[in-house]
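Report on one structure; see the data block that follows.
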Amino acid sequence: MFATCFPFIIFALSCSCAAGFPLPSEYPLFSWDTVPVFCHMCKPEGLFNDSELEFLARFQMVTIEKGQGLNQSGYAEDKMIAAGKQIKAANASIWTLFYMNAILDWQFYKLHDIMLQHPDYWIKDDKGNTVRLSGDHSFPQPTNGMLGFNQSNPEVRKVFTSDCVNATRSDAFNGCFIDRANWALDLYNKNNTRVLSGVSRAKVQDLANGQVKLLEEMQDGVSSHGLIMAKDVGRSAGFTDWPFVNSLFLSDCYCCSDTCSEDIEAAINATKRKQVLQCHVNGKLDDQDHFTFALATFLVAAGQHSYFAYSEGWYLKSYGLKWWPEYSKPLGPPNGPATRSGSIYERTFSSGTKVWLDVKQRKANITWSGV
């Protein structure tokens, strides 16, 4: 029996690995030669052109977001699979992930049609009224909000997991990216009564338990050969998804707040466990100082199978097809873990590259080998 750090969730892990938590039996392409990078995006206009594919083919990992082909007819699943196959054709070594949201019923998916047929799958308040939720407003959504997946219902978890598994069986994806993976736990710990108005703490607790079971069932569904990349909100929920999945994405914007030291520690812990880690930072493409700071926060924490991304949002245009020069500069394996003195971190790499970071002052310097 495995007890998590959740105060109310205790049950057996379905993972059979000796570590006591899931680990991949296969890993994405990784090298310390240069900064390991990933891309998380979609193109609403549809399939990628040659220059876009040339850009995407340079990353080790690519996640296809829900808005892929949004301006065209058809289900998100089909358009995402078509895009995934394009990327695989451009570079077969890239590992691709299929975006899903564990809570929000985005209307682009086939899952939405299933939800409409099953009101018992919906999150409802204590009086039986339908709860409506909003998401990232850079993507279109109903003005009165979206339905929510009640993951405390085993049937919901079954159809949700099936959507992921079907995507991986298409040969377009190596796994699934799960947004809002521990969302209910965050609400429970903050006793947030605004987002789920009229929903008792007991029902929020049930939903949090259901989300944990979902992660376990999804990891079982794709097996250790596939990745379940849980986006962990951190904050009051803590970084709590790691016992159930083999891959972690640390919040929408890694190290973008005053909890940067906590983010770095969570990243270090993930790499020590040999789990796949993605660290994404939002920032302007013309802000060199912010990019340098963001990259430094990643480099002081990075381990084997850690990957970095920097963009202005979740659309392909948010990357501007910009390949930062730093992505091609020599790095080499780290000479050891970062040293820390208060808010200052330092780390060196075998190529001679040196990283200095002050998370309190939000300043950084990277001295690249040979520069």
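Here's how to read the names in the structure tokens: chain A, B, ... by the order shown, residue numbers from 1 in each chain, ligand numbers from 1 in the order shown.
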Practice item. For A:Tyr27, list every protein, DNA or RNA residue within 10 Å, evaluated using only C-alpha atoms, and leave out those in the same chain fewer than 2 positions away; present the list as a count of residues only. Key: 16
Exercise for review: Could you find all residues in stretch 15-59 of chain A that DSSP calls strand (DSSP E or B) from the backbone, and write them as a PyMOL selection string?
Suggested key: chain A and resi 37-41
Practice item. Name all residues at most 8 Å from stretch 124-128 of chain A (count only C-alpha atoms; drop same-chain ones fewer than 5 positions away) and give them as a PyMOL selection string. Key: chain A and resi 196-200
Exercise for review: Quick one: pick out all helix (DSSP H, G or I) residues within stretch 154-355 of chain A from a backbone DSSP run and write them as a PyMOL selection string.
Suggested key: chain A and resi 154-168+183-190+201-222+235-237+260-272+288-299+316-319+325-328
Point to revise | Among listed residues A:Glu346, A:Glu216, A:Asp50, A:Asp286, nearest A:Ser318 (using only C-alpha atoms) | key: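 The closest residue to A:Ser318 is A:Asp286.
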Point to revise | atom CA of A:Leu47 to atom CA of A:Ala83, distance in Å rounded to a single decimal | key: 6.0 Å
Practice item. May I ask which of the residues A:Asp358, A:Glu155, A:Asp206, A:Asp78 is the closest one to A:Ser261, counting only C-alpha atoms? Key: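 Among the listed residues, A:Asp358 lies closest to A:Ser261.
Around A:Lys79, within 9 Å and counting only C-alpha atoms, the residues found are Gly46, Leu47, Gln68, Gly69, Leu70, Gln72, Gly74, Tyr75, Ala76, Glu77, Ile81, Ala82, Ala83 and Gly84 of chain A, once anything fewer than 2 positions away on its own chain is removed.
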**Study point:** Between atom CA of A:Trp314 and atom CA of A:Thr193 - distance in Å to one decimal
**Key:**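 Here the two named atoms are 28.7 Å from each other.
Atom CA of A:Ala90 lies 25.7 Å from atom CA of A:Val281.
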Exercise for review: Using only C-alpha atoms, pick whichever of A:Val204, A:Ile228, A:Ile94, A:Ile264 has the shortest atom-to-atom distance to A:Thr161.
Suggested key: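 Using only C-alpha atoms, A:Thr161 sits closest to A:Ile228.
Using only C-alpha atoms for every distance, the candidate list A:Gln219, A:Thr96, A:Asn335, A:Ser328 yields A:Gln219 as the residue closest to A:Val245.
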